[in-house]
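Student: My structure is in data-v9.tsv, and what it holds is TSV, C-alpha atoms:
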chain	number	residue	atom	x	y	z
A	23	MET	CA	56.56	81.38	-15.55
A	24	ASN	CA	58.85	78.35	-15.46
A	25	LEU	CA	60.41	77.93	-18.94
A	26	PRO	CA	59.70	74.17	-19.34
A	27	VAL	CA	56.07	74.69	-18.32
A	28	PHE	CA	55.71	77.65	-20.70
A	29	LEU	CA	57.14	75.75	-23.67
A	30	ALA	CA	55.16	72.60	-22.87
A	31	ARG	CA	51.95	74.60	-22.74
A	32	ARG	CA	52.72	76.32	-26.08
A	33	ILE	CA	53.38	72.96	-27.72
A	34	TYR	CA	50.28	71.41	-26.14
A	35	LYS	CA	47.96	74.23	-27.21
A	36	GLY	CA	49.70	75.09	-30.49
A	37	PRO	CA	48.17	74.23	-33.90
A	38	ALA	CA	51.10	71.97	-34.74
A	39	MET	CA	50.00	69.56	-32.02
A	40	SER	CA	46.89	68.67	-33.99
A	41	ARG	CA	48.84	68.15	-37.25
A	42	GLN	CA	51.88	66.25	-36.05
A	43	VAL	CA	52.62	62.71	-37.17
A	44	SER	CA	52.63	61.50	-33.55
A	45	ARG	CA	49.01	62.54	-33.00
A	46	PRO	CA	47.59	58.96	-33.37
A	47	ALA	CA	50.11	57.71	-30.79
A	48	VAL	CA	49.23	60.60	-28.48
A	49	ILE	CA	45.50	59.83	-28.83
A	50	ILE	CA	46.12	56.14	-28.09
A	51	SER	CA	48.14	57.13	-25.01
A	52	MET	CA	45.36	59.36	-23.71
A	53	ILE	CA	42.80	56.62	-24.41
A	54	GLY	CA	44.98	54.21	-22.41
A	55	ILE	CA	45.05	56.65	-19.49
A	56	ALA	CA	41.29	57.25	-19.74
A	57	ILE	CA	40.38	53.56	-19.89
A	58	GLY	CA	42.82	52.66	-17.12
A	59	LEU	CA	41.48	55.29	-14.72
A	60	ALA	CA	37.85	54.55	-15.61
A	61	VAL	CA	38.36	50.84	-14.94
A	62	MET	CA	40.04	51.61	-11.62
A	63	ILE	CA	37.19	53.90	-10.53
A	64	VAL	CA	34.55	51.36	-11.54
A	65	SER	CA	36.41	48.42	-9.95
A	66	VAL	CA	37.08	50.18	-6.66
A	67	SER	CA	33.53	51.53	-6.40
A	68	VAL	CA	31.96	48.13	-7.14
A	69	VAL	CA	34.19	46.12	-4.79
A	70	THR	CA	33.89	48.74	-2.03
A	71	GLY	CA	30.12	48.81	-2.48
A	72	PHE	CA	29.93	45.02	-2.49
A	73	LYS	CA	31.99	44.70	0.69
A	74	ARG	CA	29.95	47.39	2.44
A	75	GLU	CA	26.65	45.82	1.38
A	76	VAL	CA	27.64	42.35	2.61
A	77	ARG	CA	29.08	43.74	5.83
A	78	ASP	CA	25.92	45.78	6.49
A	79	LYS	CA	23.73	42.73	5.97
A	80	VAL	CA	25.77	40.59	8.33
A	81	THR	CA	25.85	43.31	11.01
A	82	GLY	CA	22.14	43.95	10.41
A	83	PHE	CA	21.45	40.44	11.72
A	84	THR	CA	24.12	40.25	14.43
A	85	SER	CA	25.28	43.84	15.08
A	86	HIS	CA	28.98	44.78	15.33
A	87	LEU	CA	29.80	43.13	18.62
A	88	THR	CA	28.06	40.63	20.89
A	89	VAL	CA	28.42	40.07	24.62
A	90	THR	CA	27.21	36.61	25.56
A	91	ASP	CA	28.06	33.44	27.43
A	92	VAL	CA	31.06	31.64	25.97
A	93	ASN	CA	28.95	28.48	25.63
A	94	ALA	CA	26.53	30.31	23.33
A	95	LEU	CA	29.19	30.40	20.61
A	96	THR	CA	28.91	26.66	20.02
A	97	GLY	CA	25.20	26.40	19.18
A	98	TYR	CA	21.79	28.05	19.06
A	99	GLU	CA	20.51	26.61	22.35
A	100	THR	CA	21.97	28.97	24.94
A	101	THR	CA	22.18	29.28	28.69
A	102	PRO	CA	20.68	32.31	30.43
A	103	LEU	CA	22.89	35.34	30.91
A	104	VAL	CA	21.91	38.12	33.29
A	105	VAL	CA	21.58	41.42	31.40
A	106	ASP	CA	20.81	43.96	34.09
A	107	ASP	CA	21.36	47.69	34.52
A	108	ASN	CA	24.84	47.15	35.97
A	109	LEU	CA	26.00	45.34	32.84
A	110	ARG	CA	24.46	47.97	30.56
A	111	GLN	CA	26.09	50.81	32.43
A	112	LEU	CA	29.44	49.06	32.30
A	113	LEU	CA	29.17	48.53	28.54
A	114	GLN	CA	27.91	52.05	27.87
A	115	SER	CA	30.89	53.48	29.71
A	116	HIS	CA	33.08	52.59	26.72
A	117	GLN	CA	33.38	55.56	24.38
A	118	GLN	CA	32.92	53.46	21.23
A	119	VAL	CA	29.57	51.98	22.26
A	120	GLU	CA	26.74	53.63	20.34
A	121	HIS	CA	23.77	51.35	20.98
A	122	LEU	CA	22.88	48.30	23.09
A	123	GLN	CA	20.10	45.80	22.43
A	124	ARG	CA	19.17	42.57	24.19
A	125	PHE	CA	18.25	39.35	22.40
A	126	SER	CA	17.31	35.77	23.23
A	127	GLN	CA	17.41	32.73	20.94
A	128	LYS	CA	15.49	29.48	20.75
A	129	ALA	CA	15.73	26.78	18.09
A	130	GLY	CA	12.43	25.52	16.73
A	131	MET	CA	10.56	24.22	13.73
A	132	MET	CA	7.87	25.89	11.62
A	133	LYS	CA	5.45	23.38	10.11
A	134	THR	CA	2.60	23.51	7.64
A	135	SER	CA	0.44	20.66	6.37
A	136	ASP	CA	2.96	19.63	3.70
A	137	THR	CA	6.40	20.97	4.68
A	138	PHE	CA	8.51	22.25	7.55
A	139	GLN	CA	11.50	24.50	8.20
A	140	GLY	CA	14.00	24.46	11.05
A	141	VAL	CA	14.73	27.99	12.28
A	142	VAL	CA	16.18	29.99	15.14
A	143	PHE	CA	13.73	32.31	16.87
A	144	LYS	CA	15.37	35.56	17.87
A	145	GLY	CA	13.52	37.40	20.58
A	146	ILE	CA	13.99	41.16	20.61
A	147	ALA	CA	12.57	44.00	22.68
A	148	GLN	CA	11.79	47.68	22.41
A	149	ASP	CA	15.49	48.60	22.54
A	150	TYR	CA	16.17	46.79	19.24
A	151	ASP	CA	17.22	48.92	16.25
A	152	ARG	CA	14.72	47.93	13.55
A	153	GLN	CA	16.03	50.22	10.79
A	154	PHE	CA	17.87	47.47	8.91
A	155	PHE	CA	14.78	45.29	8.64
A	156	ALA	CA	12.55	48.28	7.92
A	157	ASN	CA	14.74	48.91	4.85
A	158	HIS	CA	14.39	45.28	3.70
A	159	LEU	CA	10.73	44.74	4.57
A	160	THR	CA	8.72	43.64	1.53
A	161	ASP	CA	5.30	42.95	3.08
A	162	GLY	CA	3.51	43.75	6.30
A	163	GLU	CA	5.24	45.47	9.18
A	164	PHE	CA	7.98	44.92	11.71
A	165	PRO	CA	6.10	45.12	15.05
A	166	GLN	CA	7.38	47.01	18.05
A	167	PHE	CA	8.24	43.90	20.05
A	168	THR	CA	8.60	44.23	23.82
A	169	ASP	CA	9.94	42.29	26.79
A	170	SER	CA	6.74	42.54	28.82
A	171	VAL	CA	3.97	41.02	26.71
A	172	SER	CA	3.61	38.25	24.16
A	173	SER	CA	2.67	39.48	20.71
A	174	ASN	CA	2.17	36.03	19.15
A	175	GLN	CA	3.59	37.53	15.97
A	176	VAL	CA	6.63	36.65	13.89
A	177	VAL	CA	8.59	38.32	11.11
A	178	ILE	CA	10.00	35.88	8.59
A	179	SER	CA	12.13	36.07	5.45
A	180	ARG	CA	10.84	35.84	1.89
A	181	ILE	CA	12.70	32.52	1.45
A	182	ILE	CA	10.87	30.94	4.39
A	183	ALA	CA	7.55	32.47	3.33
A	184	ASP	CA	7.85	31.02	-0.18
A	185	LYS	CA	8.97	27.61	1.07
A	186	LEU	CA	6.10	27.35	3.56
A	187	LYS	CA	3.65	29.19	1.25
A	188	LEU	CA	2.91	31.84	3.87
A	189	GLN	CA	1.49	35.34	3.48
A	190	ILE	CA	0.84	38.26	5.78
A	191	GLY	CA	-1.92	37.37	8.25
A	192	ASP	CA	-1.40	33.60	8.00
A	193	LYS	CA	-1.06	31.56	11.16
A	194	ILE	CA	1.78	29.07	11.49
A	195	ASP	CA	2.34	26.23	13.96
A	196	ILE	CA	5.74	26.31	15.64
A	197	TYR	CA	7.24	23.44	17.61
A	198	PHE	CA	9.94	23.52	20.26
A	199	MET	CA	11.71	20.39	21.47
A	200	ASP	CA	12.94	20.25	25.07
A	201	GLU	CA	12.08	17.51	27.53
A	202	SER	CA	8.76	17.46	25.70
A	203	VAL	CA	7.42	18.91	22.46
A	204	ARG	CA	5.71	22.26	22.87
A	205	ALA	CA	3.66	23.98	20.18
A	206	ARG	CA	2.63	27.56	19.58
A	207	ARG	CA	0.56	29.19	16.87
A	208	MET	CA	1.77	32.59	15.72
A	209	LEU	CA	0.71	35.17	13.16
A	210	VAL	CA	2.94	36.27	10.29
A	211	ALA	CA	3.19	40.05	10.71
A	212	GLY	CA	5.99	40.90	8.28
A	213	ILE	CA	8.18	39.48	5.54
A	214	PHE	CA	11.69	40.76	4.85
A	215	GLU	CA	14.18	39.98	2.08
A	216	THR	CA	17.91	40.65	2.37
A	217	HIS	CA	19.07	38.10	-0.26
A	218	PHE	CA	21.59	36.86	2.31
A	219	SER	CA	20.40	33.27	2.26
A	220	ALA	CA	22.64	32.07	5.11
A	221	PHE	CA	20.64	34.28	7.49
A	222	ASP	CA	17.32	34.50	5.64
A	223	ASN	CA	16.99	30.71	5.90
A	224	LEU	CA	17.77	30.74	9.61
A	225	TYR	CA	16.30	33.62	11.61
A	226	VAL	CA	12.71	34.35	12.56
A	227	PHE	CA	11.98	37.38	14.76
A	228	THR	CA	9.50	37.63	17.59
A	229	ASP	CA	9.28	39.34	20.98
A	230	LEU	CA	11.82	38.81	23.75
A	231	TYR	CA	9.08	37.97	26.24
A	232	THR	CA	7.94	34.91	24.26
A	233	VAL	CA	11.42	33.49	23.73
A	234	ASN	CA	12.31	33.98	27.40
A	235	ARG	CA	9.13	32.15	28.44
A	236	LEU	CA	9.97	29.31	26.07
A	237	ASN	CA	13.47	29.15	27.57
A	238	ARG	CA	11.99	29.41	31.10
A	239	TRP	CA	14.20	32.43	31.82
A	240	GLN	CA	13.68	35.41	34.10
A	241	ASP	CA	12.85	38.90	32.83
A	242	ASP	CA	16.42	40.17	33.28
A	243	GLU	CA	17.98	37.20	31.45
A	244	ALA	CA	18.83	36.88	27.76
A	245	THR	CA	21.15	35.15	25.35
A	246	GLY	CA	23.25	38.28	25.23
A	247	VAL	CA	23.66	41.92	24.26
A	248	GLU	CA	24.37	43.20	20.76
A	249	ILE	CA	26.46	46.36	20.51
A	250	ALA	CA	26.71	48.86	17.67
A	251	VAL	CA	30.03	50.72	17.69
A	252	LYS	CA	30.64	54.27	16.51
A	253	ASP	CA	33.73	53.55	14.42
A	254	TYR	CA	33.84	50.21	12.60
A	255	ALA	CA	37.57	50.68	11.89
A	256	ALA	CA	38.15	50.43	15.67
A	257	LEU	CA	36.09	47.24	16.02
A	258	GLU	CA	39.02	44.96	16.87
A	259	GLN	CA	40.34	47.27	19.58
A	260	THR	CA	36.83	47.84	20.95
A	261	THR	CA	36.29	44.07	21.19
A	262	TYR	CA	39.55	43.72	23.11
A	263	ASP	CA	38.69	46.61	25.45
A	264	ILE	CA	35.20	45.32	26.27
A	265	GLY	CA	36.57	41.81	26.73
A	266	ALA	CA	39.10	43.18	29.22
A	267	MET	CA	36.33	45.09	31.04
A	268	LEU	CA	34.31	41.88	31.43
A	269	ASN	CA	37.24	39.64	32.23
A	270	ASP	CA	36.51	39.38	35.96
A	271	VAL	CA	32.75	39.95	35.79
A	272	THR	CA	30.25	37.14	36.40
A	273	ASP	CA	26.48	37.14	36.75
A	274	ARG	CA	24.49	35.67	39.62
A	275	HIS	CA	24.72	32.21	38.03
A	276	GLY	CA	28.51	32.45	37.99
A	277	THR	CA	28.50	32.70	34.19
A	278	ARG	CA	31.39	34.59	32.63
A	279	TYR	CA	30.72	37.14	29.91
A	280	CYS	CA	32.40	36.84	26.50
A	281	ALA	CA	32.86	39.60	23.87
A	282	ILE	CA	33.06	38.60	20.20
A	283	ASN	CA	32.77	40.77	17.10
A	284	VAL	CA	30.97	40.08	13.85
A	285	GLU	CA	34.16	39.21	11.97
A	286	GLN	CA	35.06	36.57	14.54
A	287	GLN	CA	31.53	35.15	14.41
A	288	ASN	CA	31.55	34.93	10.60
A	289	PRO	CA	35.18	34.25	9.61
A	290	ALA	CA	34.30	32.61	6.29
A	291	VAL	CA	32.35	35.63	5.05
A	292	PHE	CA	34.96	38.19	6.01
A	293	SER	CA	37.86	36.06	4.76
A	294	TRP	CA	36.06	35.96	1.43
A	295	LEU	CA	35.72	39.75	1.47
A	296	GLU	CA	39.44	40.12	2.17
A	297	VAL	CA	40.19	38.13	-0.98
A	298	LEU	CA	38.41	40.87	-2.95
A	299	ASP	CA	41.07	43.33	-1.78
A	300	VAL	CA	43.70	41.22	-3.55
A	301	ASN	CA	41.65	41.35	-6.74
A	302	ILE	CA	41.44	45.13	-6.51
A	303	TRP	CA	45.20	45.50	-6.13
A	304	VAL	CA	45.75	43.26	-9.14
A	305	ILE	CA	43.39	45.40	-11.22
A	306	LEU	CA	45.02	48.64	-10.03
A	307	VAL	CA	48.52	47.40	-10.85
A	308	LEU	CA	47.49	46.11	-14.29
A	309	MET	CA	45.56	49.24	-15.25
A	310	THR	CA	48.30	51.56	-13.99
A	311	GLY	CA	50.88	49.55	-15.90
A	312	ILE	CA	48.86	49.62	-19.12
A	313	ALA	CA	48.23	53.36	-18.82
A	314	GLY	CA	51.90	54.04	-18.04
A	315	PHE	CA	53.29	51.95	-20.90
A	316	THR	CA	50.96	53.49	-23.47
A	317	MET	CA	52.12	56.90	-22.26
A	318	ILE	CA	55.78	55.81	-22.54
A	319	ALA	CA	55.20	54.83	-26.16
A	320	GLY	CA	53.55	58.18	-26.86
A	321	LEU	CA	56.38	60.12	-25.21
A	322	LEU	CA	59.06	58.29	-27.17
A	323	ILE	CA	57.28	59.03	-30.44
A	324	ILE	CA	56.92	62.71	-29.50
A	325	ILE	CA	60.65	62.92	-28.62
A	326	ILE	CA	61.65	61.36	-31.92
A	327	GLU	CA	59.34	63.70	-33.84
A	328	ARG	CA	60.68	66.72	-31.92
A	329	THR	CA	64.36	65.83	-32.40
A	330	GLN	CA	65.03	68.98	-34.43
A	331	MET	CA	63.42	71.16	-31.74
A	332	ILE	CA	65.53	69.44	-29.09
A	333	GLY	CA	68.67	70.17	-31.12
A	334	ILE	CA	67.74	73.83	-31.51
A	335	LEU	CA	67.04	74.21	-27.77
A	336	LYS	CA	70.39	72.62	-26.94
A	337	SER	CA	72.20	74.88	-29.45
A	338	VAL	CA	70.83	77.99	-27.70
A	339	GLY	CA	72.00	76.75	-24.31
A	340	ALA	CA	69.09	74.74	-22.90
A	341	SER	CA	70.26	71.96	-20.61
A	342	ASN	CA	69.19	68.33	-20.79
A	343	ILE	CA	67.32	68.75	-17.51
A	344	THR	CA	65.32	71.70	-18.86
A	345	ILE	CA	64.36	69.85	-22.04
A	346	ARG	CA	63.45	66.72	-20.11
A	347	GLN	CA	61.26	68.80	-17.82
A	348	LEU	CA	59.61	70.30	-20.91
A	349	PHE	CA	58.60	66.88	-22.25
A	350	LEU	CA	57.55	65.64	-18.82
A	351	TRP	CA	55.28	68.67	-18.42
A	352	LEU	CA	53.89	68.02	-21.90
A	353	SER	CA	53.19	64.46	-20.77
A	354	VAL	CA	51.45	65.78	-17.66
A	355	PHE	CA	49.11	67.85	-19.84
A	356	LEU	CA	48.34	64.82	-22.03
A	357	ILE	CA	47.87	62.57	-18.99
A	358	GLY	CA	45.57	65.20	-17.49
A	359	ARG	CA	43.34	65.17	-20.55
A	360	GLY	CA	43.19	61.38	-20.49
A	361	MET	CA	42.38	61.42	-16.78
A	362	LEU	CA	39.60	63.95	-17.41
A	363	TRP	CA	37.88	61.55	-19.79
A	364	GLY	CA	38.59	58.63	-17.46
A	365	ASN	CA	36.85	60.45	-14.63
A	366	VAL	CA	33.90	61.33	-16.85
A	367	ILE	CA	33.43	57.67	-17.84
A	368	GLY	CA	34.06	56.20	-14.38
A	369	LEU	CA	31.95	58.69	-12.43
A	370	ALA	CA	29.14	58.51	-15.00
A	371	PHE	CA	28.93	54.75	-14.40
A	372	TYR	CA	29.04	55.30	-10.64
A	373	PHE	CA	26.22	57.85	-10.49
A	374	ILE	CA	24.02	56.05	-13.05
A	375	GLN	CA	24.34	52.72	-11.23
A	376	ARG	CA	23.84	54.33	-7.83
A	377	SER	CA	20.67	56.15	-8.87
A	378	THR	CA	19.07	53.57	-11.18
A	379	GLY	CA	20.54	50.16	-10.28
A	380	LEU	CA	20.85	49.51	-14.00
A	381	LEU	CA	23.08	46.43	-13.70
A	382	HIS	CA	21.55	43.43	-11.94
A	383	LEU	CA	22.99	40.39	-10.17
A	384	ASP	CA	21.76	36.92	-9.30
A	385	PRO	CA	20.83	37.29	-5.60
A	386	ASP	CA	21.25	33.56	-4.98
A	387	THR	CA	24.95	33.88	-5.86
A	388	TYR	CA	25.90	37.44	-4.88
A	389	TYR	CA	23.51	38.12	-1.93
A	390	MET	CA	22.07	41.19	-3.70
A	391	ASP	CA	20.00	41.88	-6.80
A	392	THR	CA	21.86	44.93	-8.17
A	393	VAL	CA	25.52	45.87	-8.52
A	394	PRO	CA	26.35	47.99	-5.43
A	395	VAL	CA	28.69	50.96	-5.75
A	396	SER	CA	30.41	53.07	-3.12
A	397	LEU	CA	33.13	55.66	-3.68
A	398	SER	CA	34.40	58.17	-1.14
A	399	LEU	CA	36.10	61.45	-2.01
A	400	PRO	CA	39.47	60.46	-0.44
A	401	VAL	CA	39.58	57.22	-2.44
A	402	TRP	CA	38.69	59.06	-5.67
A	403	LEU	CA	41.40	61.64	-5.05
A	404	LEU	CA	43.92	58.90	-4.23
A	405	LEU	CA	43.15	57.10	-7.49
A	406	ASN	CA	43.66	60.29	-9.50
A	407	ILE	CA	46.80	61.39	-7.70
A	408	GLY	CA	48.24	57.88	-7.82
A	409	THR	CA	47.57	57.53	-11.55
A	410	LEU	CA	49.20	60.89	-12.28
A	411	VAL	CA	52.24	60.36	-10.08
A	412	ILE	CA	52.93	56.78	-11.19
A	413	SER	CA	52.47	57.63	-14.87
A	414	VAL	CA	54.91	60.57	-14.63
A	415	LEU	CA	57.44	58.50	-12.66
A	416	MET	CA	57.33	55.82	-15.36
A	417	LEU	CA	58.22	58.50	-17.93
A	418	ILE	CA	61.37	59.70	-16.15
A	419	GLY	CA	63.45	56.81	-17.49
A	420	PRO	CA	62.41	57.15	-21.16
A	421	SER	CA	63.01	60.91	-20.98
A	422	TYR	CA	66.76	60.19	-20.71
A	423	LEU	CA	66.63	59.57	-24.48
A	424	ILE	CA	66.88	63.36	-24.81
A	425	THR	CA	70.45	63.31	-23.44
A	426	LYS	CA	71.50	61.14	-26.40
A	427	ILE	CA	70.42	63.71	-28.97
A	428	HIS	CA	73.19	66.09	-30.14
A	429	PRO	CA	72.56	69.38	-31.93
A	430	ALA	CA	74.74	68.49	-34.92
A	431	ASN	CA	73.10	65.12	-35.47
A	432	SER	CA	69.61	66.54	-35.18
A	433	MET	CA	70.08	68.35	-38.52
A	434	ARG	CA	69.37	65.09	-40.35
A	435	TYR	CA	65.72	65.40	-39.27
A	436	GLU	CA	65.17	68.64	-41.19
Just give me the structure as structure tokens.
Tutor:
Amino acid sequence: MNLPVFLARRIYKGPAMSRQVSRPAVIISMIGIAIGLAVMIVSVSVVTGFKREVRDKVTGFTSHLTVTDVNALTGYETTPLVVDDNLRQLLQSHQQVEHLQRFSQKAGMMKTSDTFQGVVFKGIAQDYDRQFFANHLTDGEFPQFTDSVSSNQVVISRIIADKLKLQIGDKIDIYFMDESVRARRMLVAGIFETHFSAFDNLYVFTDLYTVNRLNRWQDDEATGVEIAVKDYAALEQTTYDIGAMLNDVTDRHGTRYCAINVEQQNPAVFSWLEVLDVNIWVILVLMTGIAGFTMIAGLLIIIIERTQMIGILKSVGASNITIRQLFLWLSVFLIGRGMLWGNVIGLAFYFIQRSTGLLHLDPDTYYMDTVPVSLSLPVWLLLNIGTLVISVLMLIGPSYLITKIHPANSMRYE
């Protein structure tokens, strides 16, 4: 066995370690490591979970990528875009495309006897992925809307339902303003709640057939196509690729297709999420610094207390490098114990919050009612490895104090 490792292990496990004067400083150093790592695990898991939850809610409403008419980006009243088999086959030829779904939009107003609400009706068909709304449905059902028959049903958010005092089975009058005012009466089939007020206040879902009839569009026309990609990390490149594929393609109306991803559609939301990354880096730097400096203080105290041992080792021929390695390995063992407790605390919070949702949030402010957590194995390993490596690197400088200790002078510490 390597001599520095052997000696460091004997000191670490020896009975003198529990009786030495430096023990309080060593305990404080390990507590600093434990708290620093626990805070990093909690912070990263919460911010990662928050970003993922917000991103999933935005993409749940708009999908990852949308192919539409360029004029549709400036408002909710859109021009018809031909979505035929040729366009679908072209889009599906891209390796990143996982799912396609058509949609049509129409602005309107829901009105009761004492209040009203302006909304955007989103018409969807049987190809629509309903899983997101199934997970956030609080009452009723999310019907299997089609593009061939009018259901006269709508799915609304909890915010709209409370404002208009609607329940499942209620009928609501809906008005659409074109050249003239047109009215329809529809049945409330389902109520969902995502806590994302920017979208909950806006969208109402019904069948594609109804919205197309209101827009006076043909069966193969729609506002656009929503695309779910296989790898979100490749979203920017996928958007560019699909945009290039559609660059010279027009429909029978001469309309040019435009590809835009969810981050480009909602720049304010995703810019806000990027700011959270800065906060995480600040926390990581601060916690790593605190953990490292507490460990430096502990190492210096241990070196001073072990001055006589250092002198003896030097008198029998041990080099400064060997002795420095000994104390660095001893520090690794102490850091390891602190990291063990840090992982216990951090992971305990992660699993408790994930399984019970113990900590709650104000949904009007944070778009969710519980603190979300998400932590992948690579990120957890990176936090542990980074904490260990940075803490040891910070100790290399202070370990040079050993070179200043001479065997003859160390006798004064007897």
Student: Select, from A:Thr409, A:Thr425, A:Thr387, A:Ser398, the residue with the minimum atom-to-atom distance to Leu308 of chain A, counting all atoms listed in the file.
Tutor: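 Smallest distance to Leu308 of chain A is found for A:Thr409.
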Student: Measuring between only C-alpha atoms, which one of A:Ile194, A:Leu298, A:Val104, A:Val304 shows the shortest distance to Val69 of chain A?
Tutor: A:Leu298
Student: If you measure from atom CA of Val64 of chain A to atom CA of Thr316 of chain A, what distance in Å do you get, rounded to one decimal?
Tutor: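 Separation of atom CA of Val64 of chain A and atom CA of Thr316 of chain A: 20.4 Å.
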Student: Determine, counting all atoms listed in the file, which protein, DNA and RNA residues have an atom within 10 Å of an atom of segment 137-144 of chain A; residues of the same chain fewer than 6 positions away are not included. Present the result as JSON, numbers by chain.
Tutor: {"A": [83, 98, 99, 125, 126, 127, 128, 129, 130, 131, 176, 177, 178, 182, 185, 186, 187, 195, 196, 197, 221, 222, 223, 224, 225, 226, 227, 228, 229, 230, 232, 233, 245]}
Student: A:Asp151, A:Asp200, A:Asp192, A:Asp106: which is nearest Asp241 of chain A, counting all atoms listed in the file?
Tutor: A:Asp106
Student: Would you mind listing what lies within 9 Å of Leu410 of chain A as a ChimeraX atom specification, with only C-alpha atoms counted and same-chain residues fewer than 6 positions away left out?
Tutor: /A:354,357-358,361
Student: Can you tell me how far atom CA of Val105 of chain A sits from atom CA of Met199 of chain A, in Å to one decimal?
Tutor: 25.3 Å
Student: Which one of A:Arg32, A:Lys79, A:Arg278, A:Arg204 sits closest to Gly246 of chain A if you count all atoms listed in the file?
Tutor: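 So, comparing all the options, the nearest one is A:Arg278.
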Student: Select all residues near (4.4, 44.1, 15.0) (cut-off 8 Å, inclusive, file coordinates), counting all atoms listed in the file, and output them as a list in words.
Tutor: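 Residues with an atom at most 8 Å from (4.4, 44.1, 15.0): Glu163, Phe164, Pro165, Gln166, Phe167, Ser173, Gln175, Val176, Ala211 and Gly212 of chain A.
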Student: At what distance in Å, to one decimal, does atom CA of Gly314 of chain A lie from atom CA of Glu296 of chain A?
Tutor: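 Atom CA of Gly314 of chain A lies at a distance of 27.5 Å from atom CA of Glu296 of chain A.
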